[in-house]
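Visitor: What follows is a structure written as structure tokens; I'll ask about it next.
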Number of protein chains: 2
Amino acid sequence: MPKTIQKRPVGTLEEEAFVALLRTADVLQWRMGEMFKEHGLSPTQYNALRILRGAGSEGLTCSEIGERMINRDPDITRLLGRLERRSLVRRKRQQDDRRVIRTVITNAGLTLLKGLDRPVLTLNRRMLGHLGEDRLQSLISLLETARERAV
Amino acid sequence: MPKTIQKRPVGTLEEEAFVALLRTADVLQWRMGEMFKEHGLSPTQYNALRILRGAGSEGLTCSEIGERMINRDPDITRLLGRLERRSLVRRKRQQDDRRVIRTVITNAGLTLLKGLDRPVLTLNRRMLGHLGEDRLQSLISLLETARERAV
DNA sequence: TGAGGATATTCGTTATAACGACTATGATGA
DNA sequence: TCATCATAGTCGTTATAACGAATATCCTCA
């Protein structure tokens, strides 16, 4: 008995899984995005800042950031440009290979992220914590398998 | 031992699941989108056309389409406008309630979709079929649970 | 019957994504 | 050493997404 209006009566199991995956990802990301919005960030911007925080004071090149992003964004330049305009990151050209631009998160960026750590944790727990450890592990494992094979 | 560059060493299990979910959804949707592109459609447009095909000759209102979309798109009007310009859908004002616009898929739209049915099936099977029936069921169930609770 | 409010859709505007072409720099090998 | 190719990043342009405000229609009830 379908509970939601979106439930499709026909289709293969693979298709059902595909739709469920996209739909769930959309709902969860949307919730998270609403929270980010209160702090003036988009999910993409948050993601980039977090990646840069993980990189430390060395910073990262555009390509490295692109590789680590959750959703592939082909135009890191302008994404970083927007963050730089708000002084959340700083860019400098690398000396030994002058093609490369390294981007480093600023103190302002770190502060902004710090204020988001707890809300992110709380929201994640609220959205997924109810599954419990075992089911979370199994969900992660299924997703990783699917992703590896899809590439 | 992290196999992928994106693997994060620290973080809660919920967070790991969240990231895995978004990342996997992105990869799968991207693959599907590449295929759609060869046929001149975006994932969103394909989704809308499929919804309209399911609705038959009665068509659907903008709000109904919006409710059924996989990813919430707040501007159905222009999405349908683009499809109408390409003669893939037709719109007409409902007589008894003149606020309502019903959108119906055209024969051209149906033909386009028909040509996509097999590629979609094949790609879904390639991307997710390897999981097998049991694991697909369990993945679907986990995702549905997560989504219901997230709302 | 008509004022006020609800509903369905559209549209103006701004921000972001997507796609290629382009520039600058570095590496390679005849 | 210099033509050639690869690599890193940028930018012009178009299309789409996001956010509100606006318009048109319908409903309700005094």
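Residues are named by chain letter and number: chains run A, B, ... in the order of the structure tokens, numbers start at 1 in each chain, and ligands are numbered from 1 in the order shown.
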Can you check which residues of chain B have any atom within 9 Å of chain A? Use only C-alpha atoms and format it as a ChimeraX atom specification.

Guide: /B:5-7,12-31,67-72,120-121,124-131,133,135-151

Visitor: Select from chain D every residue with an atom at most 10 Å from any atom of chain A, then for each give the shortest pair of atoms and their distance in Å to one decimal, using only C-alpha atoms (C1' of nucleotides), rows by chain and rising number, as JSON lines.

Guide:
```
{"residue": "D:DT7", "atom": "C1'", "partner": "A:Arg99", "partner_atom": "CA", "distance": 8.3}
{"residue": "D:DA8", "atom": "C1'", "partner": "A:Arg99", "partner_atom": "CA", "distance": 5.3}
{"residue": "D:DG9", "atom": "C1'", "partner": "A:Arg99", "partner_atom": "CA", "distance": 7.2}
{"residue": "D:DT10", "atom": "C1'", "partner": "A:Thr77", "partner_atom": "CA", "distance": 7.1}
{"residue": "D:DC11", "atom": "C1'", "partner": "A:Arg78", "partner_atom": "CA", "distance": 9.5}
```

Visitor: Could you write those residues out with C-alpha atoms (C1' of nucleotides), as a PDB file, in the first residue's frame?

Guide:
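The result, stored in result_32.pdb:
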```pdb
ATOM      1  C1'  DT D   7      48.353  20.871 -17.128  1.00  0.00           C
ATOM      2  C1'  DA D   8      46.148  24.554 -13.984  1.00  0.00           C
ATOM      3  C1'  DG D   9      43.229  27.798 -13.788  1.00  0.00           C
ATOM      4  C1'  DT D  10      40.225  31.577 -15.717  1.00  0.00           C
ATOM      5  C1'  DC D  11      36.494  33.656 -18.100  1.00  0.00           C
TER       6       DC D  11
END
```

Visitor: Could you make a table, as a Markdown table, of the residues of chain C that have an atom within 9 Å of an atom of chain B, each with its nearest atom pair and distance in Å to one decimal, counting only C-alpha atoms (C1' of nucleotides), in chain and number order?

Guide:
```
| residue | atom | partner | partner_atom | distance |
| --- | --- | --- | --- | --- |
| C:DT7 | C1' | B:Arg99 | CA | 8.2 |
| C:DA8 | C1' | B:Arg99 | CA | 5.3 |
| C:DT9 | C1' | B:Arg99 | CA | 7.2 |
| C:DT10 | C1' | B:Thr77 | CA | 7.1 |
```

Visitor: Using the chain letters and numbers from this document, which residues of chain B does DSSP assign to strand (DSSP E), as a list in words?

Guide: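 The strand (DSSP E) subset of chain B is Leu60, Thr61, Val89, Arg90, Arg91, Lys92, Arg93, Ile101, Arg102, Thr103, Val104 and Ile105 of chain B.
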
Visitor: Keeping only C-alpha atoms, write the selected residues as an mmCIF file, in the first residue's frame.

Guide:
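Full text of out_13.cif as output:
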```cif
data_model
loop_
_atom_site.group_PDB
_atom_site.id
_atom_site.type_symbol
_atom_site.label_atom_id
_atom_site.label_comp_id
_atom_site.auth_asym_id
_atom_site.auth_seq_id
_atom_site.Cartn_x
_atom_site.Cartn_y
_atom_site.Cartn_z
ATOM 1 C CA LEU B 60 -1.620 17.262 -14.349
ATOM 2 C CA THR B 61 -1.586 20.668 -12.725
ATOM 3 C CA VAL B 89 4.058 19.038 -23.728
ATOM 4 C CA ARG B 90 0.912 21.041 -24.251
ATOM 5 C CA ARG B 91 -0.830 23.290 -21.731
ATOM 6 C CA LYS B 92 -4.437 24.281 -21.492
ATOM 7 C CA ARG B 93 -6.449 26.163 -18.976
ATOM 8 C CA ILE B 101 -3.383 24.932 -16.001
ATOM 9 C CA ARG B 102 -3.296 21.292 -16.991
ATOM 10 C CA THR B 103 -0.241 20.035 -18.804
ATOM 11 C CA VAL B 104 -0.367 17.012 -21.076
ATOM 12 C CA ILE B 105 2.483 15.190 -22.745
#
```

Visitor: Which distance in Å separates atom C1' of DA6 of chain C and atom CA of Ile65 of chain B, to one decimal?

Guide: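 Between atom C1' of DA6 of chain C and atom CA of Ile65 of chain B the gap is 20.3 Å.
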